[in-house]
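Peer 1: Have a look at the structure that comes next, please.
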Amino acid sequence: MKKRLYLNFLCCSIIFLTLHHSFAQTRFFLTGSLGGGFPTTSFGGDALKKSKAFHGNGSLGLQVRKNDFISLEVGLMQQYQTLTIEDKSFASHYAGFEATMRNQNFFLSYFAALDLSLPIRSGHSYIYSRLSYSQNLVGPNSLSENRSYLLDGNDLEMTASVDYAESNGYFIPEIGYKQYLKNGNMFSFGLNFNMGNQNFMQGSYELKENEQILTSEEFGSKGSFVGLSIKYHMNLFYLPKRERQPKVKKKKEPKEEIVVADTTSSNNDNTVEGREMDVTHKIKVHSRKVKVKVWDHQMVDGDRISLNLNGKWVLEDYTLEKNQYVFEIELQEGTNLLILHALNLGKYHPNTAAIIVEDDKKEHQVILESDLQTSGTLEIKFKSHDK
């Protein structure tokens, strides 16, 4: 058991570290869910049938969500299962009487889940696919039941017993729908199929009449079931990933150097209005005049920005919206710096904007992040065809 716990923890750690270095934005959610469903496996045998079977669960987990595309969740789940097994053959011979065995149990599980989200409806809503693994910590448990009947002078005795495995694992594929709420939290619901990978329950049943065996059967189940789940994701905080700042190369020829406006009269060439420039993206274009599109690709939270190109303001005091704002800029030969200057931090820090630079050949899309100390910067290199 300890080796299995260590292996699962190691796998989750590797997945988390891989995700941490893959995307630019990270959101942390505290997730609570409720779910329920019905077992899908038959118990075998000709006489015994299952009825009134139900599986319910509730969970609490921590979810790390990257770039609103991929997320990892780990947590604990409390599960409940009830089963009623009936002897239909007995009931058909003795009208008004039934031979049933009812059992129910609660057990704790831990789980890890990885899901991918596809945005729809301007990025506020998502269709997601999810794969989870759940390990149940049931503990060895046994239930037994013995009943005696006297019918038409005959002594009838029913004996049934069930043994539960100490532990059982499930693979749980799921598809569903997610929706951002106005407060930055999320709501989701999905359809899942819980596939047990080993026997979860094994039992035996015997019915005697005057000490003569009428029915004797073995039955079992892996605990698989189809279910629905409803989740609420409470936004805890937002953690941006900072890119390593490359060194800004100085041009040998004075005519190619970029002069950046500095209203604070700082002597640092790598600042604009007293803030450091963080060159996180570099692109090359083939047109002097290019089209720029800027918008808020995440939750619209009131981010206000200005854009500075080579020391001149090309967009001032603009509040980012979900729809793209489009304008044109004219580049100089060589290196150009397009700087995202944050005027506030919005509801969710830092100030983040999606930008597309479109020349006559292709579109270049980048995500720039800025705060009140550092300005995300896009380096655009332009070389005319006639040179």
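Chain lettering (A, B, ...) mirrors the order of the structure tokens, residue numbering begins at 1 for each chain separately, and ligand numbering begins at 1 in order of display.
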Within 12 Å of Leu191 (chain A), counting only C-alpha atoms, which residues show up once you throw out same-chain ones fewer than 3 positions away? Write them as a tab-separated table (two decimals) with N, CA and C atoms, in the first residue's frame, please.

Peer 2:
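around_33.tsv written:
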```tsv
chain	number	residue	atom	x	y	z
A	35	GLY	N	-21.70	13.87	-6.70
A	35	GLY	CA	-22.00	13.01	-7.84
A	35	GLY	C	-22.77	11.78	-7.41
A	36	GLY	N	-23.33	11.11	-8.39
A	36	GLY	CA	-24.07	9.89	-8.12
A	36	GLY	C	-24.28	9.12	-9.40
A	37	GLY	N	-24.55	7.82	-9.28
A	37	GLY	CA	-24.77	7.00	-10.46
A	37	GLY	C	-25.26	5.62	-10.08
A	127	ILE	N	-15.84	23.18	-23.18
A	127	ILE	CA	-16.12	21.75	-23.19
A	127	ILE	C	-14.84	21.06	-22.73
A	128	TYR	N	-14.95	20.14	-21.77
A	128	TYR	CA	-13.74	19.53	-21.24
A	128	TYR	C	-13.81	18.01	-21.30
A	129	SER	N	-12.65	17.40	-21.38
A	129	SER	CA	-12.50	15.95	-21.23
A	129	SER	C	-11.55	15.72	-20.07
A	130	ARG	N	-11.84	14.71	-19.28
A	130	ARG	CA	-11.12	14.51	-18.01
A	130	ARG	C	-10.84	13.03	-17.79
A	131	LEU	N	-9.66	12.73	-17.31
A	131	LEU	CA	-9.32	11.36	-16.93
A	131	LEU	C	-8.84	11.37	-15.49
A	172	ILE	N	-11.47	6.80	-14.43
A	172	ILE	CA	-12.75	7.50	-14.61
A	172	ILE	C	-12.63	8.51	-15.75
A	173	PRO	N	-12.99	8.12	-16.98
A	173	PRO	CA	-13.09	9.13	-18.05
A	173	PRO	C	-14.36	9.93	-17.90
A	174	GLU	N	-14.30	11.21	-18.29
A	174	GLU	CA	-15.44	12.11	-18.10
A	174	GLU	C	-15.44	13.18	-19.19
A	175	ILE	N	-16.62	13.56	-19.63
A	175	ILE	CA	-16.78	14.70	-20.52
A	175	ILE	C	-17.83	15.62	-19.91
A	176	GLY	N	-17.69	16.93	-20.16
A	176	GLY	CA	-18.65	17.84	-19.57
A	176	GLY	C	-18.48	19.28	-20.03
A	177	TYR	N	-19.09	20.19	-19.27
A	177	TYR	CA	-19.18	21.61	-19.62
A	177	TYR	C	-18.74	22.44	-18.42
A	188	SER	N	-19.18	23.56	-13.18
A	188	SER	CA	-19.09	22.53	-14.23
A	188	SER	C	-19.96	21.34	-13.88
A	194	ASN	N	-17.09	5.16	-14.29
A	194	ASN	CA	-16.11	4.67	-13.33
A	194	ASN	C	-15.84	3.19	-13.60
A	225	PHE	N	-19.56	1.96	-12.37
A	225	PHE	CA	-20.87	2.61	-12.47
A	225	PHE	C	-20.79	3.81	-13.40
A	226	VAL	N	-21.95	4.19	-13.95
A	226	VAL	CA	-22.09	5.40	-14.75
A	226	VAL	C	-22.70	6.47	-13.87
A	227	GLY	N	-22.14	7.68	-13.92
A	227	GLY	CA	-22.63	8.71	-13.01
A	227	GLY	C	-22.57	10.12	-13.58
A	228	LEU	N	-23.19	11.03	-12.86
A	228	LEU	CA	-23.15	12.46	-13.15
A	228	LEU	C	-22.46	13.18	-11.99
A	229	SER	N	-21.73	14.25	-12.30
A	229	SER	CA	-21.08	15.02	-11.25
A	229	SER	C	-21.32	16.51	-11.48
A	230	ILE	N	-21.44	17.25	-10.39
A	230	ILE	CA	-21.59	18.71	-10.41
A	230	ILE	C	-20.46	19.28	-9.55
A	231	LYS	N	-19.73	20.25	-10.10
A	231	LYS	CA	-18.56	20.79	-9.39
A	231	LYS	C	-18.65	22.32	-9.31
```

Peer 1: Hey, what's within 8 Å of Ala53 (chain A) if we count only C-alpha atoms and toss same-chain stuff fewer than 6 positions away? As JSON, numbers by chain, please?

Peer 2: {"A": [38, 39, 81, 82, 83, 84]}

Peer 1: May I have the residues within 12 Å of Leu150 (chain A) as a ChimeraX atom specification, using only C-alpha atoms and disregarding those fewer than 3 positions away in the same chain?

Peer 2: /A:94,97,147,153-158,208-210

Peer 1: Could you write those residues out with N, CA and C atoms, as a PDB file, in the first residue's frame?

Peer 2:
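Generated file (out.pdb):
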```
ATOM      1  N   TYR A  94     -42.863 -18.469  -4.472  1.00  0.00           N
ATOM      2  CA  TYR A  94     -43.555 -18.185  -3.221  1.00  0.00           C
ATOM      3  C   TYR A  94     -44.041 -16.745  -3.257  1.00  0.00           C
ATOM      4  N   PHE A  97     -43.521 -13.392  -0.840  1.00  0.00           N
ATOM      5  CA  PHE A  97     -42.297 -13.465  -0.057  1.00  0.00           C
ATOM      6  C   PHE A  97     -41.115 -13.117  -0.955  1.00  0.00           C
ATOM      7  N   ARG A 147     -31.665 -15.830   7.004  1.00  0.00           N
ATOM      8  CA  ARG A 147     -33.107 -15.743   7.253  1.00  0.00           C
ATOM      9  C   ARG A 147     -33.729 -17.138   7.174  1.00  0.00           C
ATOM     10  N   GLY A 153     -45.494 -25.706   5.487  1.00  0.00           N
ATOM     11  CA  GLY A 153     -44.871 -26.836   6.177  1.00  0.00           C
ATOM     12  C   GLY A 153     -43.430 -27.066   5.802  1.00  0.00           C
ATOM     13  N   ASN A 154     -42.859 -26.243   4.942  1.00  0.00           N
ATOM     14  CA  ASN A 154     -41.471 -26.403   4.532  1.00  0.00           C
ATOM     15  C   ASN A 154     -40.585 -25.398   5.269  1.00  0.00           C
ATOM     16  N   ASP A 155     -39.410 -25.874   5.706  1.00  0.00           N
ATOM     17  CA  ASP A 155     -38.425 -24.993   6.335  1.00  0.00           C
ATOM     18  C   ASP A 155     -37.486 -24.459   5.251  1.00  0.00           C
ATOM     19  N   LEU A 156     -37.530 -23.123   5.090  1.00  0.00           N
ATOM     20  CA  LEU A 156     -36.672 -22.474   4.097  1.00  0.00           C
ATOM     21  C   LEU A 156     -35.629 -21.634   4.833  1.00  0.00           C
ATOM     22  N   GLU A 157     -34.393 -21.733   4.372  1.00  0.00           N
ATOM     23  CA  GLU A 157     -33.301 -20.971   4.993  1.00  0.00           C
ATOM     24  C   GLU A 157     -32.460 -20.299   3.908  1.00  0.00           C
ATOM     25  N   MET A 158     -32.298 -18.990   4.046  1.00  0.00           N
ATOM     26  CA  MET A 158     -31.476 -18.219   3.099  1.00  0.00           C
ATOM     27  C   MET A 158     -30.222 -17.751   3.826  1.00  0.00           C
ATOM     28  N   LYS A 208     -31.975 -23.019   1.007  1.00  0.00           N
ATOM     29  CA  LYS A 208     -32.269 -24.423   1.292  1.00  0.00           C
ATOM     30  C   LYS A 208     -33.748 -24.602   1.620  1.00  0.00           C
ATOM     31  N   GLU A 209     -34.270 -25.760   1.235  1.00  0.00           N
ATOM     32  CA  GLU A 209     -35.640 -26.163   1.591  1.00  0.00           C
ATOM     33  C   GLU A 209     -35.565 -27.526   2.251  1.00  0.00           C
ATOM     34  N   ASN A 210     -35.919 -27.574   3.559  1.00  0.00           N
ATOM     35  CA  ASN A 210     -35.813 -28.823   4.329  1.00  0.00           C
ATOM     36  C   ASN A 210     -34.413 -29.422   4.189  1.00  0.00           C
TER      37      ASN A 210
END
```

Peer 1: To test your reading of the structure, identify every residue in region 69-99 of chain A that backbone DSSP assigns to strand (DSSP E), and report it as a PyMOL selection string.

Peer 2: chain A and resi 70-87

Peer 1: Find the distance between CA of Asn168 (chain A) and CA of Asn57 (chain A) and write it in Å to one decimal.

Peer 2: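 Value for the CA of Asn168 (chain A)-CA of Asn57 (chain A) distance: 15.3 Å.
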
Peer 1: Please measure the separation of CA of Ala91 (chain A) and CA of Thr159 (chain A), giving the value in Å to one decimal.

Peer 2: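 About the pair CA of Ala91 (chain A) and CA of Thr159 (chain A): they are 15.6 Å apart.
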
Peer 1: Determine the nearest neighbour of Lys284 (chain A) from the options A:Leu236, A:Leu337, A:Leu60, A:Val314, counting only C-alpha atoms.

Peer 2: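 Nearest candidate to Lys284 (chain A) out of A:Leu236, A:Leu337, A:Leu60, A:Val314: A:Leu337.
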
Peer 1: Give me, please, the distance in Å between CA of Thr335 (chain A) and CA of Trp313 (chain A), quoted to one decimal.

Peer 2: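 Between CA of Thr335 (chain A) and CA of Trp313 (chain A) the gap works out to 16.8 Å.
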
Peer 1: Sorted by chain and rising residue number, list the residues of region 300-343 of chain A at most 12 Å from region 358-367 of chain A (counting only C-alpha atoms), each with its closest atom pair and distance in Å to one decimal, as JSON lines.

Peer 2:
```
{"residue": "A:Val326", "atom": "CA", "partner": "A:Glu358", "partner_atom": "CA", "distance": 10.5}
{"residue": "A:Phe327", "atom": "CA", "partner": "A:Glu358", "partner_atom": "CA", "distance": 10.6}
{"residue": "A:Glu328", "atom": "CA", "partner": "A:Glu358", "partner_atom": "CA", "distance": 9.4}
{"residue": "A:Ile329", "atom": "CA", "partner": "A:Glu358", "partner_atom": "CA", "distance": 10.4}
{"residue": "A:Glu330", "atom": "CA", "partner": "A:Asp359", "partner_atom": "CA", "distance": 10.9}
{"residue": "A:Leu331", "atom": "CA", "partner": "A:Asp359", "partner_atom": "CA", "distance": 11.0}
{"residue": "A:Leu338", "atom": "CA", "partner": "A:Val366", "partner_atom": "CA", "distance": 11.6}
{"residue": "A:Ile339", "atom": "CA", "partner": "A:Ile367", "partner_atom": "CA", "distance": 11.9}
{"residue": "A:Leu340", "atom": "CA", "partner": "A:Ile367", "partner_atom": "CA", "distance": 10.2}
```

Peer 1: Neighbours of Lys293 (chain A) within 7 Å (only C-alpha atoms; same-chain residues fewer than 2 positions away dropped), as a ChimeraX atom specification?

Peer 2: /A:291,295,324-327,355-357

Peer 1: Identify which of the residues A:His349, A:Leu320, A:Leu309, A:Lys88 lies closest to Thr377 (chain A), counting only C-alpha atoms when measuring atom-to-atom distances.

Peer 2: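 Ranking A:His349, A:Leu320, A:Leu309, A:Lys88 by distance to Thr377 (chain A), first place goes to A:Leu309.
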
Peer 1: Which one is closest to Glu333 (chain A): A:Leu62, A:Leu114, A:Ile380, A:Ala354? Count only C-alpha atoms.

Peer 2: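 Going through A:Leu62, A:Leu114, A:Ile380, A:Ala354 one by one, the smallest distance to Glu333 (chain A) is for A:Ile380.
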